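The file data31.cif contains mmCIF, C-alpha atoms:
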```cif
data_model
loop_
_atom_site.label_atom_id
_atom_site.label_comp_id
_atom_site.auth_asym_id
_atom_site.auth_seq_id
_atom_site.Cartn_x
_atom_site.Cartn_y
_atom_site.Cartn_z
CA LEU A 14 13.43 -37.41 -78.92
CA ILE A 15 11.62 -39.12 -76.01
CA VAL A 16 11.25 -35.76 -74.27
CA CYS A 17 9.89 -34.21 -77.47
CA TYR A 18 7.24 -36.91 -77.75
CA GLN A 19 6.31 -36.34 -74.11
CA LEU A 20 6.03 -32.59 -74.60
CA LEU A 21 3.82 -33.17 -77.63
CA GLN A 22 1.76 -35.65 -75.58
CA LYS A 23 2.44 -38.36 -78.13
CA THR A 24 2.37 -41.10 -75.50
CA ALA A 25 2.19 -44.09 -77.85
CA GLN A 26 5.19 -42.97 -79.89
CA ALA A 27 7.20 -42.20 -76.75
CA GLN A 28 6.39 -45.58 -75.22
CA LYS A 29 7.37 -47.44 -78.40
CA LEU A 30 10.66 -45.59 -78.65
CA ILE A 31 11.49 -46.29 -75.00
CA ASN A 32 10.65 -49.97 -75.35
CA ASP A 33 12.83 -50.20 -78.46
CA ARG A 34 15.74 -48.68 -76.58
CA LEU A 35 15.13 -50.90 -73.55
CA ALA A 36 15.47 -53.92 -75.82
CA GLU A 37 19.01 -52.72 -76.52
CA SER A 38 19.81 -51.40 -73.00
CA PRO A 39 17.62 -53.24 -70.48
CA ASP A 40 19.66 -52.04 -67.50
CA ASP A 41 19.46 -48.31 -68.22
CA PRO A 42 17.57 -46.80 -65.23
CA ARG A 43 16.91 -43.57 -67.11
CA LEU A 44 14.89 -45.45 -69.71
CA TRP A 45 12.87 -47.25 -67.03
CA CYS A 46 12.10 -43.92 -65.36
CA ALA A 47 11.09 -42.43 -68.69
CA LEU A 48 8.76 -45.39 -69.25
CA GLY A 49 7.26 -44.80 -65.80
CA ASP A 50 6.68 -41.15 -66.68
CA VAL A 51 4.83 -42.11 -69.85
CA THR A 52 2.81 -45.02 -68.50
CA LYS A 53 2.28 -43.70 -64.94
CA ASP A 54 3.32 -47.15 -63.75
CA ASP A 55 5.31 -47.11 -60.49
CA SER A 56 6.69 -50.58 -61.19
CA CYS A 57 8.89 -48.98 -63.85
CA TYR A 58 10.55 -46.82 -61.19
CA VAL A 59 11.06 -49.91 -59.05
CA LYS A 60 12.73 -51.57 -62.05
CA ALA A 61 14.95 -48.51 -62.50
CA TRP A 62 15.97 -48.67 -58.86
CA GLU A 63 16.77 -52.38 -59.02
CA ARG A 64 18.58 -52.26 -62.39
CA SER A 65 20.77 -49.40 -61.12
CA GLY A 66 21.92 -51.40 -58.13
CA ARG A 67 19.91 -49.10 -55.86
CA ARG A 68 21.95 -46.07 -56.93
CA HIS A 69 19.50 -44.13 -59.12
CA ALA A 70 18.09 -41.33 -56.94
CA ARG A 71 15.66 -40.23 -59.64
CA ALA A 72 13.75 -43.51 -59.31
CA GLN A 73 13.16 -42.91 -55.61
CA ARG A 74 12.17 -39.28 -56.22
CA SER A 75 9.54 -40.44 -58.71
CA LEU A 76 8.23 -43.06 -56.27
CA ALA A 77 8.11 -40.42 -53.54
CA ALA A 78 6.18 -38.01 -55.76
CA SER A 79 3.72 -40.75 -56.67
CA ALA A 80 3.21 -41.65 -52.99
CA MET A 81 2.54 -38.00 -52.14
CA ARG A 82 -0.04 -37.73 -54.91
CA ASN A 83 -1.79 -40.70 -53.33
CA ASP A 84 -1.54 -39.19 -49.83
CA ASP A 85 0.69 -42.06 -48.71
CA TYR A 86 3.11 -39.92 -46.72
CA ALA A 87 4.62 -42.80 -44.77
CA ALA A 88 5.79 -44.34 -48.05
CA ALA A 89 6.88 -40.94 -49.34
CA VAL A 90 9.13 -40.48 -46.30
CA GLY A 91 10.92 -43.74 -47.05
CA HIS A 92 11.42 -42.90 -50.71
CA TRP A 93 12.65 -39.37 -50.03
CA GLU A 94 15.11 -40.61 -47.42
CA LEU A 95 16.62 -43.05 -49.92
CA ALA A 96 16.78 -40.42 -52.65
CA LEU A 97 18.38 -37.79 -50.40
CA ALA A 98 20.92 -40.26 -49.07
CA LEU A 99 22.23 -40.45 -52.63
CA ASN A 100 21.75 -36.78 -53.54
CA PRO A 101 21.65 -34.64 -50.38
CA LEU A 102 22.06 -31.32 -52.23
CA ASN A 103 18.43 -31.20 -53.31
CA PRO A 104 16.45 -28.49 -51.46
CA SER A 105 13.14 -29.35 -53.11
CA GLY A 106 13.57 -32.94 -51.99
CA TRP A 107 14.27 -31.89 -48.40
CA PHE A 108 11.20 -29.63 -48.51
CA ALA A 109 8.99 -32.48 -49.71
CA LEU A 110 10.46 -34.74 -47.03
CA GLY A 111 9.74 -32.10 -44.38
CA TYR A 112 6.17 -31.78 -45.58
CA SER A 113 5.75 -35.57 -45.52
CA TYR A 114 7.11 -35.68 -41.98
CA MET A 115 4.61 -32.99 -40.98
CA ARG A 116 1.75 -34.97 -42.45
CA GLU A 117 2.95 -38.00 -40.48
CA GLY A 118 3.12 -35.95 -37.26
CA ASP A 119 6.91 -36.25 -36.90
CA GLU A 120 7.69 -32.65 -35.93
CA SER A 121 11.32 -33.21 -34.90
CA SER A 122 12.21 -34.78 -38.24
CA ALA A 123 10.26 -32.07 -40.09
CA LEU A 124 12.30 -29.42 -38.28
CA ARG A 125 15.54 -31.07 -39.38
CA ALA A 126 14.35 -31.34 -42.98
CA PHE A 127 13.19 -27.72 -43.27
CA THR A 128 16.39 -26.55 -41.57
CA ARG A 129 18.29 -28.37 -44.29
CA VAL A 130 16.21 -26.55 -46.92
CA THR A 131 17.14 -23.16 -45.46
CA GLN A 132 20.81 -24.14 -45.42
CA LEU A 133 20.74 -25.13 -49.09
CA SER A 134 18.30 -22.44 -50.22
CA PRO A 135 18.32 -19.48 -47.77
CA ASP A 136 15.76 -17.56 -49.84
CA ASN A 137 13.05 -20.21 -49.54
CA ALA A 138 10.39 -18.23 -47.67
CA GLU A 139 8.01 -21.18 -47.36
CA ALA A 140 10.67 -23.28 -45.63
CA TRP A 141 11.31 -20.48 -43.10
CA ASN A 142 7.55 -20.17 -42.60
CA ASN A 143 7.18 -23.90 -41.94
CA LEU A 144 10.09 -23.79 -39.50
CA ALA A 145 8.42 -20.91 -37.67
CA ALA A 146 5.07 -22.69 -37.55
CA LEU A 147 6.67 -25.81 -36.06
CA HIS A 148 8.57 -23.81 -33.47
CA MET A 149 5.44 -21.87 -32.53
CA LYS A 150 3.56 -25.13 -32.10
CA ARG A 151 6.36 -26.35 -29.82
CA GLN A 152 6.42 -22.93 -28.12
CA THR A 153 10.12 -22.44 -28.77
CA TRP A 154 9.57 -18.76 -29.34
CA LYS A 155 13.14 -17.61 -29.86
CA MET A 156 13.64 -20.02 -32.75
CA ALA A 157 10.21 -19.16 -34.14
CA PHE A 158 10.99 -15.46 -34.14
CA ALA A 159 14.36 -16.01 -35.84
CA ALA A 160 12.64 -17.99 -38.61
CA LEU A 161 9.90 -15.38 -38.97
CA LYS A 162 12.44 -12.61 -39.39
CA GLU A 163 13.78 -14.47 -42.43
CA ALA A 164 10.31 -15.31 -43.74
CA THR A 165 9.07 -11.71 -43.53
CA ARG A 166 12.27 -10.49 -45.16
CA LEU A 167 11.46 -12.63 -48.16
CA ARG A 168 7.66 -12.22 -48.21
CA ARG A 169 6.99 -8.76 -46.90
CA GLU A 170 3.39 -8.58 -48.11
CA SER A 171 2.10 -11.60 -46.19
CA TRP A 172 -0.06 -10.39 -43.32
CA GLN A 173 -0.19 -13.91 -41.89
CA LEU A 174 3.59 -13.95 -41.52
CA TRP A 175 3.61 -10.52 -39.89
CA ASP A 176 0.84 -11.56 -37.50
CA ASN A 177 2.93 -14.53 -36.37
CA TYR A 178 5.99 -12.28 -36.24
CA VAL A 179 4.19 -9.99 -33.79
CA GLU A 180 3.12 -12.85 -31.54
CA ALA A 181 6.54 -14.55 -31.49
CA GLY A 182 8.28 -11.21 -31.00
CA LEU A 183 6.18 -10.39 -27.97
CA MET A 184 6.81 -13.80 -26.47
CA CYS A 185 10.55 -13.11 -26.83
CA GLY A 186 10.26 -9.61 -25.36
CA HIS A 187 10.89 -7.73 -28.62
CA VAL A 188 8.18 -5.13 -28.02
CA MET A 189 9.42 -2.47 -30.46
CA LEU A 190 9.98 -5.00 -33.21
CA SER A 191 6.48 -6.33 -32.63
CA LEU A 192 5.10 -2.82 -32.92
CA TYR A 193 6.91 -2.53 -36.23
CA GLY A 194 5.19 -5.73 -37.32
CA LEU A 195 1.81 -4.29 -36.39
CA GLN A 196 2.62 -1.18 -38.43
CA ARG A 197 3.37 -3.40 -41.41
CA ILE A 198 0.01 -5.14 -41.02
CA ALA A 199 -1.86 -1.86 -40.60
CA ALA A 200 -0.38 -0.59 -43.86
CA MET A 201 -1.90 -3.50 -45.79
CA GLU A 202 -5.34 -3.34 -47.34
CA CYS A 203 -6.19 -6.78 -45.95
CA CYS A 204 -5.32 -5.91 -42.36
CA HIS A 205 -8.98 -6.30 -41.33
CA LYS A 206 -8.49 -10.06 -41.66
CA VAL A 207 -5.95 -10.23 -38.85
CA SER A 208 -7.04 -11.61 -35.49
CA LEU A 209 -6.83 -9.40 -32.43
CA SER A 210 -4.86 -11.93 -30.37
CA SER A 211 -1.53 -10.19 -31.03
CA LEU A 212 -2.99 -6.84 -30.02
CA ASP A 213 -4.37 -8.40 -26.85
CA LEU A 214 -0.98 -9.90 -26.08
CA LEU A 215 0.74 -6.56 -26.69
CA LEU A 216 -1.64 -4.76 -24.37
CA ASP A 217 -1.12 -7.35 -21.67
CA VAL A 218 2.68 -7.14 -21.97
CA VAL A 219 2.68 -3.34 -21.90
CA SER A 220 0.27 -3.28 -18.96
CA ARG A 221 2.44 -5.72 -17.04
CA VAL A 222 5.60 -3.71 -17.70
CA LYS A 223 3.82 -0.53 -16.66
CA ARG A 224 2.66 -2.14 -13.41
CA GLU A 225 6.14 -3.41 -12.68
CA GLY A 226 7.63 -0.03 -13.50
CA GLY A 227 5.21 1.58 -11.08
CA GLY A 228 6.22 -0.81 -8.33
CA GLY A 229 2.86 -2.54 -8.26
CA GLY A 230 4.54 -5.93 -8.25
CA ALA A 231 1.49 -7.75 -9.63
CA THR A 232 2.16 -9.93 -12.65
CA ASN A 233 -0.17 -11.90 -14.85
CA LYS A 234 0.50 -14.13 -17.80
CA PRO A 235 -0.82 -12.56 -21.00
CA ARG A 236 -3.69 -14.29 -22.74
CA GLY A 237 -2.41 -16.51 -25.54
CA ALA A 238 0.95 -17.07 -23.85
CA ASN A 239 2.28 -20.51 -23.03
CA VAL A 240 0.97 -21.28 -19.55
CA ASN A 241 4.24 -23.04 -18.79
CA GLU A 242 6.27 -19.86 -19.35
CA ASP A 243 6.71 -17.33 -16.58
CA LEU A 244 6.40 -14.03 -18.40
CA SER A 245 6.82 -12.09 -15.18
CA VAL A 246 10.58 -12.35 -15.74
CA LEU A 247 10.37 -11.37 -19.40
CA GLU A 248 12.52 -8.33 -20.17
CA ILE A 249 11.69 -5.89 -22.93
CA ASN A 250 14.34 -6.35 -25.58
CA ASP A 251 14.22 -3.77 -28.36
CA SER A 252 17.37 -5.01 -30.05
CA ASP A 253 17.17 -6.78 -33.39
CA GLU A 254 19.81 -9.25 -32.23
CA GLU A 255 18.96 -12.60 -30.75
CA GLU A 256 20.26 -13.45 -27.33
CA GLY A 257 23.29 -15.71 -27.23
#
```
Can you turn what I pasted into structure tokens?
Amino acid sequence: LIVCYQLLQKTAQAQKLINDRLAESPDDPRLWCALGDVTKDDSCYVKAWERSGRRHARAQRSLAASAMRNDDYAAAVGHWELALALNPLNPSGWFALGYSYMREGDESSALRAFTRVTQLSPDNAEAWNNLAALHMKRQTWKMAFAALKEATRLRRESWQLWDNYVEAGLMCGHVMLSLYGLQRIAAMECCHKVSLSSLDLLLDVVSRVKREGGGGGATNKPRGANVNEDLSVLEINDSDEEEG
């Protein structure tokens, strides 16, 4: 009945019914959470958490969601961690925790959280995309490319994903796979929006390989590549399998 009142937006009736039931069951955390939903009062979720003996994960999820709405991601991290400690099989919770970590600048923890999402929900394209973005930022190209292969499998019409796929593939030496990615982009109506950095990188890689094949011996790092990586030793790898 409480849910029905909420769906009908009859807030006053819902609140009265919850208060009546709380008078009979003051330690029921579900009722305190329901009251928090109706009144938008976070103290109700705190009450639910305390009355449950700190065992009601839903109370912490509600506090985490409230903190995120207020852009308080440090608080959200704490609430999500408590909630997931009680209920770890919650992919949406791990995703929200990963996002909160990202907003707090904790990339290592964000990687762990989004990895957990992909383990629980392998078809979550956004989680794979976030994993790839973090790995690209850290310039761990092999891991980025592996994540992008999953992301593009699930969202094949995203030119942004394919553009990143091309860049990460080239950095790993997957020239033919990167060319396939460029073909996918070219087939899309929005391909004019794509930057030319991946094409520049492809041209540089191909030019380098051609020079090496001709015995020229000169090697240059392609524009856009990590300056700490020596791409002169990069081998062209046209296999779809990752190295061991």
Next on the checklist: Expand the PyMOL selection byres ((chain A and resi 112) around 9) into the explicit residue set it covers here, and present it as a PyMOL selection string.
Outcome noted: chain A and resi 86+107-111+113-117+123+126-127+143
query: CA of Asn177 (chain A) to CA of Asp217 (chain A): how many Å, to one decimal?
result: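 Separation of CA of Asn177 (chain A) and CA of Asp217 (chain A): 16.9 Å.
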Residues within 10 Å of (7.5, -24.3, -37.9), counting all atoms listed in the file, listed as a list in words: Met115, Glu120, Ala123, Leu124, Phe127, Thr128, Glu139, Ala140, Trp141, Asn142, Asn143, Leu144, Ala145, Ala146, Leu147, His148, Met149, Lys150, Arg151, Gln152, Thr153, Met156, Ala157, Ala160 and Leu161 of chain A
Inset, instruction - Considering all atoms listed in the file, return as a list in words whatever protein or nucleic-acid residues lie within 12 Å of Asp55 (chain A), sequence-local ones (same chain, fewer than 6 positions apart) excluded. - result: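 Within the cut-off, the hits are Trp45, Cys46, Ala47, Leu48, Gly49, Ala61, Trp62, Ala72, Gln73, Arg74, Ser75, Leu76, Ala77, Ala78, Ser79, Ala80 and Asn83 of chain A.
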Selection in question (the file shown): the PyMOL selection byres ((chain A and resi 176) around 10). Which residues does it include, as a list in words?
Leu161, Ser171, Trp172, Gln173, Leu174, Trp175, Asn177, Tyr178, Val179, Glu180, Ala181, Gly182, Ser191, Gly194, Leu195, Arg197, Ile198, Cys204, Val207, Ser208, Leu209, Ser210, Ser211 and Leu212 of chain A
Excluding Leu44 (chain A) and its own-chain neighbours fewer than 2 positions away, which residues fall within 12 Å of it when counting all atoms listed in the file? Please give them as a short mmCIF file (atom, residue, chain, number, x, y, z; two decimals) with C-alpha atoms, in the frame of the given file.
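Result went into result_36.cif, see below:
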```cif
data_model
loop_
_atom_site.label_atom_id
_atom_site.label_comp_id
_atom_site.auth_asym_id
_atom_site.auth_seq_id
_atom_site.Cartn_x
_atom_site.Cartn_y
_atom_site.Cartn_z
CA ILE A 15 11.62 -39.12 -76.01
CA VAL A 16 11.25 -35.76 -74.27
CA ALA A 27 7.20 -42.20 -76.75
CA GLN A 28 6.39 -45.58 -75.22
CA LYS A 29 7.37 -47.44 -78.40
CA LEU A 30 10.66 -45.59 -78.65
CA ILE A 31 11.49 -46.29 -75.00
CA ASN A 32 10.65 -49.97 -75.35
CA ASP A 33 12.83 -50.20 -78.46
CA ARG A 34 15.74 -48.68 -76.58
CA LEU A 35 15.13 -50.90 -73.55
CA ALA A 36 15.47 -53.92 -75.82
CA GLU A 37 19.01 -52.72 -76.52
CA SER A 38 19.81 -51.40 -73.00
CA PRO A 39 17.62 -53.24 -70.48
CA ASP A 40 19.66 -52.04 -67.50
CA ASP A 41 19.46 -48.31 -68.22
CA PRO A 42 17.57 -46.80 -65.23
CA CYS A 46 12.10 -43.92 -65.36
CA ALA A 47 11.09 -42.43 -68.69
CA LEU A 48 8.76 -45.39 -69.25
CA GLY A 49 7.26 -44.80 -65.80
CA ASP A 50 6.68 -41.15 -66.68
CA VAL A 51 4.83 -42.11 -69.85
CA CYS A 57 8.89 -48.98 -63.85
CA TYR A 58 10.55 -46.82 -61.19
CA LYS A 60 12.73 -51.57 -62.05
CA ALA A 61 14.95 -48.51 -62.50
CA TRP A 62 15.97 -48.67 -58.86
CA ARG A 64 18.58 -52.26 -62.39
CA SER A 65 20.77 -49.40 -61.12
CA HIS A 69 19.50 -44.13 -59.12
CA ARG A 71 15.66 -40.23 -59.64
CA ALA A 72 13.75 -43.51 -59.31
#
```
Figure out the distance between CA of Asp85 (chain A) and CA of Ser105 (chain A), please, to one decimal in Å.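 Separating CA of Ser105 (chain A) from CA of Asp85 (chain A) is a distance of 18.3 Å.
One distance worth recording is that between CA of Leu167 (chain A) and CA of Leu133 (chain A), which is 15.6 Å.
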Using all atoms listed in the file, the shortest atom-to-atom distance to Val90 (chain A) among A:Tyr193, A:Met184, A:Val59, A:Ser122 belongs to A:Ser122
Please, could N, CA, C and O atoms be added to region 164-181 of chain A and the result written as a short mmCIF file (atom, residue, chain, number, x, y, z; two decimals), keeping the file's coordinate frame?
```cif
data_model
loop_
_atom_site.label_atom_id
_atom_site.label_comp_id
_atom_site.auth_asym_id
_atom_site.auth_seq_id
_atom_site.Cartn_x
_atom_site.Cartn_y
_atom_site.Cartn_z
N ALA A 164 11.50 -15.15 -42.89
CA ALA A 164 10.31 -15.31 -43.74
C ALA A 164 9.73 -13.96 -44.15
O ALA A 164 9.36 -13.76 -45.31
N THR A 165 9.63 -13.02 -43.20
CA THR A 165 9.07 -11.71 -43.53
C THR A 165 10.03 -10.89 -44.39
O THR A 165 9.59 -10.03 -45.16
N ARG A 166 11.31 -11.16 -44.28
CA ARG A 166 12.27 -10.49 -45.16
C ARG A 166 12.04 -10.87 -46.62
O ARG A 166 12.19 -10.05 -47.53
N LEU A 167 11.63 -12.11 -46.81
CA LEU A 167 11.46 -12.63 -48.16
C LEU A 167 10.05 -12.43 -48.71
O LEU A 167 9.86 -12.33 -49.92
N ARG A 168 9.06 -12.41 -47.80
CA ARG A 168 7.66 -12.22 -48.21
C ARG A 168 7.05 -11.12 -47.37
O ARG A 168 6.32 -11.37 -46.42
N ARG A 169 7.34 -9.91 -47.74
CA ARG A 169 6.99 -8.76 -46.90
C ARG A 169 5.51 -8.40 -46.99
O ARG A 169 5.02 -7.63 -46.17
N GLU A 170 4.80 -8.94 -47.95
CA GLU A 170 3.39 -8.58 -48.11
C GLU A 170 2.44 -9.63 -47.55
O GLU A 170 1.24 -9.57 -47.82
N SER A 171 2.95 -10.56 -46.78
CA SER A 171 2.10 -11.60 -46.19
C SER A 171 1.67 -11.17 -44.79
O SER A 171 2.47 -11.20 -43.85
N TRP A 172 0.40 -10.83 -44.63
CA TRP A 172 -0.06 -10.39 -43.32
C TRP A 172 -0.04 -11.54 -42.31
O TRP A 172 0.14 -11.32 -41.11
N GLN A 173 -0.23 -12.78 -42.81
CA GLN A 173 -0.19 -13.91 -41.89
C GLN A 173 1.19 -14.05 -41.26
O GLN A 173 1.30 -14.32 -40.05
N LEU A 174 2.23 -13.88 -42.06
CA LEU A 174 3.59 -13.95 -41.52
C LEU A 174 3.84 -12.85 -40.50
O LEU A 174 4.42 -13.09 -39.43
N TRP A 175 3.39 -11.63 -40.82
CA TRP A 175 3.61 -10.52 -39.89
C TRP A 175 2.82 -10.71 -38.60
O TRP A 175 3.28 -10.35 -37.51
N ASP A 176 1.64 -11.30 -38.70
CA ASP A 176 0.84 -11.56 -37.50
C ASP A 176 1.57 -12.54 -36.58
O ASP A 176 1.64 -12.34 -35.36
N ASN A 177 2.14 -13.59 -37.16
CA ASN A 177 2.93 -14.53 -36.37
C ASN A 177 4.20 -13.89 -35.84
O ASN A 177 4.65 -14.18 -34.72
N TYR A 178 4.79 -13.01 -36.65
CA TYR A 178 5.99 -12.28 -36.24
C TYR A 178 5.71 -11.46 -34.98
O TYR A 178 6.51 -11.44 -34.04
N VAL A 179 4.56 -10.81 -34.95
CA VAL A 179 4.19 -9.99 -33.79
C VAL A 179 4.05 -10.87 -32.55
O VAL A 179 4.60 -10.56 -31.48
N GLU A 180 3.35 -11.97 -32.69
CA GLU A 180 3.12 -12.85 -31.54
C GLU A 180 4.44 -13.42 -31.01
O GLU A 180 4.71 -13.38 -29.80
N ALA A 181 5.27 -13.96 -31.92
CA ALA A 181 6.54 -14.55 -31.49
C ALA A 181 7.46 -13.48 -30.91
O ALA A 181 8.17 -13.72 -29.92
#
```
